[in-house]
>>> print(open('my_file_21.txt').read())   # compact mmCIF, C-alpha atoms and all ligand atoms
# COMPACT_ATOMS: atom_id res chain seq x y z
CA MET A 25 18.99 -2.75 10.45
CA ASN A 26 18.86 0.59 8.74
CA ALA A 27 15.52 1.73 10.14
CA ILE A 28 14.18 5.17 9.29
CA ALA A 29 11.06 4.56 11.32
CA GLU A 30 9.95 1.67 13.48
CA VAL A 31 7.34 0.53 15.90
CA GLN A 32 7.83 -2.20 18.48
CA GLY A 33 5.01 -4.05 20.16
CA ILE A 34 2.61 -1.13 19.79
CA LYS A 35 -0.86 -1.43 21.19
CA LYS A 36 -3.81 0.88 20.92
CA THR A 37 -7.34 0.51 22.22
CA TYR A 38 -10.24 2.86 21.54
CA GLY A 39 -12.86 2.17 24.18
CA LYS A 40 -13.55 -1.53 23.70
CA THR A 41 -11.96 -1.76 20.26
CA GLN A 42 -8.42 -3.03 20.17
CA ALA A 43 -7.09 -1.34 17.05
CA LEU A 44 -3.51 -2.62 17.46
CA ALA A 45 -2.59 -5.68 19.49
CA GLY A 46 1.22 -5.53 19.58
CA VAL A 47 2.65 -4.73 16.15
CA SER A 48 6.35 -4.43 15.28
CA LEU A 49 7.74 -3.31 11.95
CA ALA A 50 10.31 -0.98 10.44
CA VAL A 51 10.66 1.19 7.35
CA GLU A 52 14.16 0.91 5.92
CA ALA A 53 16.15 3.58 4.14
CA GLY A 54 15.47 3.78 0.40
CA LYS A 55 12.69 1.19 0.57
CA VAL A 56 8.95 1.14 0.08
CA LEU A 57 6.91 -0.65 2.72
CA ALA A 58 3.23 -1.22 1.95
CA LEU A 59 0.83 -1.65 4.80
CA LEU A 60 -2.02 -3.76 3.58
CA GLY A 61 -5.22 -4.78 5.23
CA PRO A 62 -9.00 -4.62 5.02
CA ASN A 63 -10.91 -1.68 6.49
CA GLY A 64 -10.59 -1.59 10.24
CA ALA A 65 -7.33 -3.58 10.27
CA GLY A 66 -5.49 -0.81 12.14
CA LYS A 67 -3.47 0.74 9.29
CA THR A 68 -4.40 4.36 9.96
CA THR A 69 -3.87 3.96 13.69
CA LEU A 70 -0.40 2.54 13.10
CA VAL A 71 0.50 5.38 10.74
CA LYS A 72 -0.77 8.01 13.19
CA ILE A 73 1.36 6.55 15.97
CA LEU A 74 4.43 6.34 13.74
CA VAL A 75 4.18 10.01 12.74
CA GLY A 76 3.49 11.24 16.26
CA LEU A 77 -0.18 12.18 15.84
CA LEU A 78 -1.36 9.61 18.37
CA PRO A 79 0.33 8.13 21.44
CA PRO A 80 0.34 4.31 21.71
CA ASP A 81 -1.05 2.64 24.85
CA GLY A 82 1.93 0.29 24.88
CA GLY A 83 5.13 -0.41 22.99
CA SER A 84 7.36 2.18 21.38
CA ALA A 85 7.67 4.16 18.15
CA ARG A 86 10.81 5.77 16.73
CA LEU A 87 11.03 8.20 13.85
CA PHE A 88 14.59 8.94 12.68
CA GLY A 89 15.68 7.46 16.00
CA GLU A 90 13.58 9.87 18.05
CA ASP A 91 10.19 10.05 19.70
CA PRO A 92 7.81 10.84 16.79
CA ARG A 93 5.99 13.42 18.88
CA ARG A 94 9.08 15.65 18.93
CA PRO A 95 8.95 18.27 16.17
CA ALA A 96 12.62 17.60 15.35
CA ALA A 97 11.76 14.02 14.41
CA ARG A 98 9.10 15.22 11.96
CA ARG A 99 11.22 17.70 10.06
CA ARG A 100 12.21 15.19 7.36
CA LEU A 101 8.77 13.65 7.16
CA GLY A 102 6.30 14.15 4.30
CA LEU A 103 2.68 13.31 4.99
CA THR A 104 -0.40 12.80 2.86
CA PRO A 105 -3.59 12.96 4.82
CA GLN A 106 -6.52 10.90 3.57
CA GLU A 107 -8.70 13.95 3.09
CA THR A 108 -7.62 17.48 2.43
CA GLY A 109 -9.42 20.75 2.05
CA PHE A 110 -7.53 23.47 0.23
CA PRO A 111 -8.44 27.13 0.60
CA PRO A 112 -10.58 27.50 -2.55
CA THR A 113 -9.34 30.99 -3.37
CA LEU A 114 -5.72 29.87 -3.65
CA ARG A 115 -4.06 28.78 -6.87
CA VAL A 116 -2.11 25.53 -7.10
CA ARG A 117 1.27 27.30 -7.03
CA GLU A 118 0.21 29.34 -3.99
CA VAL A 119 -0.71 26.21 -2.05
CA VAL A 120 2.68 24.76 -2.93
CA GLU A 121 4.41 27.95 -1.72
CA LEU A 122 2.46 27.86 1.52
CA VAL A 123 3.62 24.33 2.29
CA ARG A 124 7.19 24.90 1.07
CA ALA A 125 7.54 27.77 3.52
CA HIS A 126 7.43 25.31 6.42
CA TYR A 127 10.62 23.55 5.41
CA PRO A 128 14.28 24.53 5.54
CA GLU A 129 15.22 23.01 2.16
CA PRO A 130 12.04 22.72 0.10
CA GLU A 131 11.71 21.20 -3.35
CA ASN A 132 11.76 23.45 -6.39
CA PRO A 133 8.06 24.10 -7.23
CA ARG A 134 8.46 23.39 -10.93
CA THR A 135 10.25 20.10 -10.28
CA LEU A 136 7.59 19.13 -7.78
CA LEU A 137 4.58 20.02 -9.92
CA THR A 138 6.08 18.48 -13.06
CA ARG A 139 6.74 15.23 -11.25
CA PHE A 140 3.06 14.92 -10.39
CA GLY A 141 1.75 16.13 -13.74
CA LEU A 142 0.49 19.43 -12.30
CA TRP A 143 2.79 22.06 -13.82
CA ASN A 144 0.25 23.07 -16.47
CA LEU A 145 -2.31 23.58 -13.69
CA LYS A 146 -0.10 25.80 -11.56
CA ASP A 147 -2.32 28.88 -12.01
CA ARG A 148 -5.61 27.09 -11.50
CA LEU A 149 -7.74 27.84 -8.43
CA THR A 150 -7.84 24.77 -6.20
CA ALA A 151 -11.65 25.01 -6.20
CA ARG A 152 -11.52 24.29 -9.96
CA LEU A 153 -9.46 21.12 -9.70
CA SER A 154 -11.03 17.76 -10.45
CA GLY A 155 -11.04 15.11 -7.74
CA GLY A 156 -8.05 13.33 -9.27
CA GLU A 157 -6.06 16.56 -9.68
CA ARG A 158 -6.77 17.51 -6.08
CA ARG A 159 -5.58 14.09 -4.97
CA ARG A 160 -2.36 14.47 -6.99
CA LEU A 161 -1.76 17.88 -5.43
CA THR A 162 -2.23 16.43 -1.94
CA ILE A 163 0.37 13.79 -2.69
CA ALA A 164 2.76 16.28 -4.28
CA LEU A 165 2.59 18.34 -1.08
CA ALA A 166 3.92 15.37 0.91
CA PHE A 167 7.12 15.81 -1.10
CA ALA A 168 7.32 19.61 -0.88
CA GLY A 169 9.83 19.61 1.99
CA ARG A 170 12.15 17.08 0.28
CA PRO A 171 11.42 14.48 2.96
CA LYS A 172 13.53 11.44 3.79
CA LEU A 173 10.37 9.52 4.61
CA ALA A 174 7.06 9.93 2.82
CA VAL A 175 4.00 8.49 4.54
CA LEU A 176 1.16 8.11 2.09
CA ASP A 177 -2.23 7.05 3.39
CA GLU A 178 -4.17 5.41 0.57
CA PRO A 179 -2.49 7.66 -2.01
CA THR A 180 -4.26 6.48 -5.13
CA THR A 181 -7.81 6.02 -3.86
CA GLY A 182 -10.10 7.69 -6.38
CA LEU A 183 -7.47 8.08 -9.11
CA ASP A 184 -7.92 6.78 -12.64
CA VAL A 185 -5.55 4.11 -13.96
CA GLU A 186 -3.30 6.56 -15.80
CA SER A 187 -2.86 8.90 -12.82
CA ARG A 188 -2.26 5.91 -10.58
CA ARG A 189 0.54 4.63 -12.78
CA GLY A 190 2.06 8.11 -13.00
CA LEU A 191 2.02 8.33 -9.25
CA TRP A 192 3.62 4.91 -8.84
CA GLN A 193 6.43 6.07 -11.09
CA ALA A 194 6.97 9.22 -9.01
CA ILE A 195 7.04 7.18 -5.79
CA ARG A 196 9.47 4.68 -7.27
CA ARG A 197 11.80 7.45 -8.41
CA PHE A 198 11.74 8.95 -4.94
CA ALA A 199 12.78 5.59 -3.44
CA GLU A 200 15.47 5.05 -6.09
CA ALA A 201 16.94 8.40 -5.08
CA GLY A 202 17.23 7.13 -1.49
CA GLY A 203 13.85 8.17 -0.04
CA SER A 204 11.81 5.84 2.14
CA VAL A 205 8.10 5.33 1.78
CA LEU A 206 5.40 3.93 4.00
CA LEU A 207 2.12 3.60 2.21
CA THR A 208 -1.19 2.17 3.20
CA THR A 209 -3.38 0.70 0.54
CA HIS A 210 -6.18 -1.71 0.00
CA TYR A 211 -5.14 -2.23 -3.60
CA LEU A 212 -3.05 -5.35 -3.63
CA GLU A 213 -1.97 -4.52 -7.14
CA GLU A 214 -0.45 -1.30 -5.80
CA ALA A 215 1.54 -3.14 -3.15
CA GLU A 216 2.71 -5.64 -5.73
CA ALA A 217 3.80 -2.91 -8.15
CA LEU A 218 5.55 -0.66 -5.65
CA ALA A 219 6.60 -2.29 -2.44
CA ASP A 220 9.94 -3.79 -1.52
CA ARG A 221 8.19 -5.31 1.45
CA VAL A 222 4.56 -5.77 2.40
CA ALA A 223 3.08 -5.91 5.90
CA ILE A 224 -0.33 -7.53 6.14
CA LEU A 225 -2.40 -6.26 9.05
CA HIS A 226 -5.60 -7.93 10.12
CA ARG A 227 -7.63 -7.06 13.21
CA GLY A 228 -4.72 -5.24 14.79
CA ARG A 229 -2.19 -8.01 14.25
CA LEU A 230 0.60 -8.48 11.77
CA LEU A 231 -0.18 -11.60 9.76
CA ALA A 232 2.79 -11.44 7.43
CA LEU A 233 5.80 -9.24 6.71
CA GLY A 234 8.18 -9.71 3.84
CA THR A 235 8.69 -9.35 0.12
CA VAL A 236 5.78 -10.29 -2.10
CA ALA A 237 7.63 -13.53 -2.95
CA GLU A 238 8.17 -14.32 0.73
CA ILE A 239 4.52 -13.78 1.52
CA ARG A 240 3.51 -16.06 -1.32
CA ASP A 241 5.95 -18.67 0.04
CA GLN A 242 4.54 -18.25 3.51
CA VAL A 243 1.15 -19.27 2.19
CA GLY A 244 2.89 -22.35 0.79
CA LEU A 245 0.37 -22.96 -1.97
CA LYS A 246 0.40 -23.09 -5.76
CA ARG A 247 -2.46 -22.34 -8.05
CA VAL A 248 -3.43 -24.92 -10.67
CA ALA A 249 -5.79 -23.40 -13.21
CA PHE A 250 -7.49 -24.95 -16.24
CA GLU A 251 -10.75 -25.10 -18.14
CA ALA A 252 -13.10 -27.99 -17.46
CA GLU A 253 -16.85 -28.57 -17.24
CA THR A 254 -16.75 -30.43 -13.95
CA VAL A 255 -14.03 -31.25 -11.48
CA PRO A 256 -14.24 -34.10 -8.98
CA ASP A 257 -13.23 -33.61 -5.33
CA LEU A 258 -9.49 -34.02 -5.28
CA PRO A 259 -7.13 -34.63 -2.36
CA GLY A 260 -4.92 -31.77 -1.14
CA VAL A 261 -7.09 -28.97 -2.56
CA VAL A 262 -7.62 -26.21 0.01
CA ARG A 263 -9.66 -23.81 -2.06
CA VAL A 264 -11.57 -23.90 -5.34
CA GLU A 265 -12.50 -20.90 -7.46
CA ARG A 266 -14.52 -20.92 -10.64
CA SER A 267 -14.85 -18.13 -13.16
CA GLY A 268 -16.86 -19.17 -16.23
CA PRO A 269 -15.22 -22.30 -17.64
CA ARG A 270 -11.96 -21.63 -15.76
CA VAL A 271 -11.30 -23.46 -12.52
CA THR A 272 -8.51 -22.56 -10.09
CA LEU A 273 -7.43 -25.02 -7.42
CA PHE A 274 -5.08 -24.09 -4.59
CA THR A 275 -2.83 -26.82 -3.28
CA ALA A 276 0.48 -27.36 -1.51
CA ASP A 277 1.55 -30.04 -4.01
CA ALA A 278 0.80 -29.03 -7.59
CA ASP A 279 2.69 -31.98 -9.12
CA ARG A 280 0.59 -34.46 -7.22
CA LEU A 281 -2.62 -32.65 -8.14
CA VAL A 282 -1.80 -32.64 -11.85
CA ARG A 283 -0.92 -36.36 -11.75
CA GLU A 284 -4.26 -36.96 -10.05
CA LEU A 285 -6.14 -35.00 -12.75
CA VAL A 286 -4.48 -37.13 -15.43
CA ARG A 287 -5.02 -40.39 -13.56
CA ARG A 288 -8.73 -39.67 -13.21
CA GLY A 289 -9.04 -38.66 -16.84
CA VAL A 290 -10.37 -35.14 -16.07
CA PRO A 291 -10.61 -33.51 -19.53
CA PHE A 292 -8.77 -30.26 -18.73
CA ARG A 293 -7.63 -27.61 -21.24
CA ASN A 294 -5.06 -24.78 -20.97
CA LEU A 295 -3.44 -25.99 -17.79
CA GLU A 296 -1.40 -23.40 -15.93
CA VAL A 297 0.55 -23.89 -12.71
CA SER A 298 1.76 -20.74 -10.98
CA PRO A 299 2.58 -19.21 -7.61
CA VAL A 300 -0.35 -17.69 -5.73
CA ARG A 301 -0.94 -14.02 -6.46
CA LEU A 302 -0.52 -11.56 -3.64
CA GLU A 303 -4.28 -11.03 -3.62
CA GLU A 304 -4.86 -14.74 -3.17
CA ALA A 305 -2.16 -15.01 -0.50
CA PHE A 306 -3.90 -12.17 1.29
CA LEU A 307 -7.29 -13.87 1.15
CA LEU A 308 -5.83 -17.18 2.26
CA LEU A 309 -3.96 -15.56 5.17
CA THR A 310 -6.81 -13.40 6.40
CA GLY A 311 -9.58 -15.84 5.64
CA GLU A 312 -11.50 -12.91 4.11
CA THR A 313 -13.67 -13.67 1.15
CA GLY A 314 -13.83 -10.12 -0.16
CA ARG A 315 -11.85 -6.92 0.18
P1 LIG B 401 -7.78 0.98 8.91
O1 LIG B 401 -7.00 2.22 8.67
O2 LIG B 401 -7.02 -0.28 8.64
O3 LIG B 401 -9.13 0.97 8.25
P2 LIG B 401 -8.12 2.03 11.60
O4 LIG B 401 -6.76 2.15 12.21
O5 LIG B 401 -8.75 3.27 11.08
O6 LIG B 401 -8.09 0.88 10.49
O7 LIG B 401 -9.11 1.41 12.67
C1 LIG B 401 -8.83 0.26 13.44
C2 LIG B 401 -10.01 -0.01 14.38
O8 LIG B 401 -10.09 1.03 15.37
C3 LIG B 401 -11.36 -0.03 13.71
O9 LIG B 401 -12.15 -1.01 14.35
C4 LIG B 401 -11.90 1.35 13.95
O10 LIG B 401 -13.32 1.35 13.97
C5 LIG B 401 -11.34 1.69 15.31
N1 LIG B 401 -11.09 3.15 15.46
C6 LIG B 401 -10.24 3.89 14.74
N2 LIG B 401 -10.21 5.17 15.17
C7 LIG B 401 -11.09 5.25 16.19
C8 LIG B 401 -11.53 6.30 17.08
N3 LIG B 401 -11.04 7.53 16.98
N4 LIG B 401 -12.45 5.99 18.00
C9 LIG B 401 -12.94 4.73 18.12
N5 LIG B 401 -12.58 3.70 17.34
C10 LIG B 401 -11.66 3.94 16.40
>>> encode(input="my_file_21.txt", output="structure tokens", more="lines below")
Ligand code: ADP
Amino acid sequence: MNAIAEVQGIKKTYGKTQALAGVSLAVEAGKVLALLGPNGAGKTTLVKILVGLLPPDGGSARLFGEDPRRPAARRRLGLTPQETGFPPTLRVREVVELVRAHYPEPENPRTLLTRFGLWNLKDRLTARLSGGERRRLTIALAFAGRPKLAVLDEPTTGLDVESRRGLWQAIRRFAEAGGSVLLTTHYLEEAEALADRVAILHRGRLLALGTVAEIRDQVGLKRVAFEAETVPDLPGVVRVERSGPRVTLFTADADRLVRELVRRGVPFRNLEVSPVRLEEAFLLLTGETGR
């Protein structure tokens, strides 16, 4: 496998909390891997170990084939921290220069700022940036050193829909040009839109790893949705959701369920049979009822 970064059987315990209980996964060249999981799942811990900020208690981590704690391994790594404070008296372009100076072959500042919709703000003091602009600058800085691997921790948290889509486009372009991306997110929609593969973490364990389609298959259920006033208990239904007049039933055998609806004369309208959505697969796998 063409792994840019990988962890094998990593474990981490903080006091009595087991944050990671033996997780193995790899980021491949030119691919986007999304690490998905509810708060406390262990995503940040895994990322910190992979980029050499935290030693694991067990297992191993490799970054570009080396120990991630070695500076040489981190040279082609771009990182977005979850929170960033910029010196308020610096302008956007000065912050970019400061970060570029750390790298042997940095990105052209205009290319970088344009890609993240910040070129027209290049002379603005960072103290005068809005929350969303600040966030975009943080993410842009992860790409300042022209990394081979960008690690983005919850990159679009707090961004409006338009900025989020713009950012997705920039990340996709980076991957199309051969870059690799590891991103953590709790937006399933983001994983669905961006990721070649998704890893679902839950309580320090990997519940699923694969393409969105593979994860849906792993759940092995279809969704049968329709409008009806009442629905009798039906065999083979593992979960029922109702939203206004619309009912969604999850079942392994959709054909059988639809035949049963007809046989019992349930007066359904606008029937739709479809694969489970990633969000639903996630809920079914983790047994969580909310995010
Ligand atoms: P996520 O990023 O998925 O929200 P984290 O990796 O931050 O998850 O946390 C995993 C678990 O480890 C949580 O139960 C969290 O409370 C705990 N944890 C994380 N960092 C520390 C720390 N520095 N000290 C003690 N517990 C921690």
>>> residues_near_ligand(input="my_file_21.txt", ligand="ligand LIG 401 (chain B)", cutoff="12 Å", atoms="only C-alpha atoms and all ligand atoms", output="number ranges by chain")
A: 35-45, 59-73, 77-78, 105-106, 177-178, 207-210, 223-230, 315
>>> write_last_selection(input="my_file_21.txt", atoms="C-alpha atoms", output="CSV table (one decimal), in the coordinates of the input")
chain,number,residue,atom,x,y,z
A,35,LYS,CA,-0.9,-1.4,21.2
A,36,LYS,CA,-3.8,0.9,20.9
A,37,THR,CA,-7.3,0.5,22.2
A,38,TYR,CA,-10.2,2.9,21.5
A,39,GLY,CA,-12.9,2.2,24.2
A,40,LYS,CA,-13.6,-1.5,23.7
A,41,THR,CA,-12.0,-1.8,20.3
A,42,GLN,CA,-8.4,-3.0,20.2
A,43,ALA,CA,-7.1,-1.3,17.0
A,44,LEU,CA,-3.5,-2.6,17.5
A,45,ALA,CA,-2.6,-5.7,19.5
A,59,LEU,CA,0.8,-1.6,4.8
A,60,LEU,CA,-2.0,-3.8,3.6
A,61,GLY,CA,-5.2,-4.8,5.2
A,62,PRO,CA,-9.0,-4.6,5.0
A,63,ASN,CA,-10.9,-1.7,6.5
A,64,GLY,CA,-10.6,-1.6,10.2
A,65,ALA,CA,-7.3,-3.6,10.3
A,66,GLY,CA,-5.5,-0.8,12.1
A,67,LYS,CA,-3.5,0.7,9.3
A,68,THR,CA,-4.4,4.4,10.0
A,69,THR,CA,-3.9,4.0,13.7
A,70,LEU,CA,-0.4,2.5,13.1
A,71,VAL,CA,0.5,5.4,10.7
A,72,LYS,CA,-0.8,8.0,13.2
A,73,ILE,CA,1.4,6.6,16.0
A,77,LEU,CA,-0.2,12.2,15.8
A,78,LEU,CA,-1.4,9.6,18.4
A,105,PRO,CA,-3.6,13.0,4.8
A,106,GLN,CA,-6.5,10.9,3.6
A,177,ASP,CA,-2.2,7.0,3.4
A,178,GLU,CA,-4.2,5.4,0.6
A,207,LEU,CA,2.1,3.6,2.2
A,208,THR,CA,-1.2,2.2,3.2
A,209,THR,CA,-3.4,0.7,0.5
A,210,HIS,CA,-6.2,-1.7,0.0
A,223,ALA,CA,3.1,-5.9,5.9
A,224,ILE,CA,-0.3,-7.5,6.1
A,225,LEU,CA,-2.4,-6.3,9.0
A,226,HIS,CA,-5.6,-7.9,10.1
A,227,ARG,CA,-7.6,-7.1,13.2
A,228,GLY,CA,-4.7,-5.2,14.8
A,229,ARG,CA,-2.2,-8.0,14.2
A,230,LEU,CA,0.6,-8.5,11.8
A,315,ARG,CA,-11.8,-6.9,0.2
>>> residues_near_point(input="my_file_21.txt", point="(-8.1, -24.0, -5.4)", cutoff="12 Å", atoms="all atoms listed in the file", output="PyMOL selection string")
chain A and resi 245-250+255+257-267+270-278+281+297-300+304-305+308
>>> atom_distance(input="my_file_21.txt", atom1="atom CA of Asp81 of chain A", atom2="atom CA of Arg98 of chain A")
20.7 Å
>>> closest_residue(input="my_file_21.txt", among="A:Gly102, A:Gly182, A:Gly202, A:Pro256", to="Phe167 of chain A", atoms="all atoms listed in the file")
A:Gly102
>>> atom_distance(input="my_file_21.txt", atom1="atom CA of Leu285 of chain A", atom2="atom CA of Glu253 of chain A")
13.3 Å
>>> atom_distance(input="my_file_21.txt", atom1="atom CA of Glu303 of chain A", atom2="atom CA of Leu231 of chain A")
14.0 Å
>>> closest_residue(input="my_file_21.txt", among="A:Val290, A:Leu101, A:Leu183, A:Val175", to="Leu206 of chain A", atoms="only C-alpha atoms")
A:Val175
>>> residues_around(input="my_file_21.txt", residues="Arg152 of chain A", least_positions_apart="3", cutoff="12 Å", atoms="only C-alpha atoms", output="VMD selection string")
chain A and resid 110 to 116 145 to 149 155 to 158
>>> closest_residue(input="my_file_21.txt", among="A:Ala252, A:Ala174, A:Ala29, A:Val56", to="Gly234 of chain A", atoms="only C-alpha atoms")
A:Val56
>>> closest_residue(input="my_file_21.txt", among="A:Arg93, A:Arg221, A:Arg301, A:Arg100", to="Pro171 of chain A", atoms="all atoms listed in the file")
A:Arg100
>>> closest_residue(input="my_file_21.txt", among="A:Ser84, A:His126, A:Phe306, A:Gly244", to="Ala215 of chain A", atoms="all atoms listed in the file")
A:Phe306
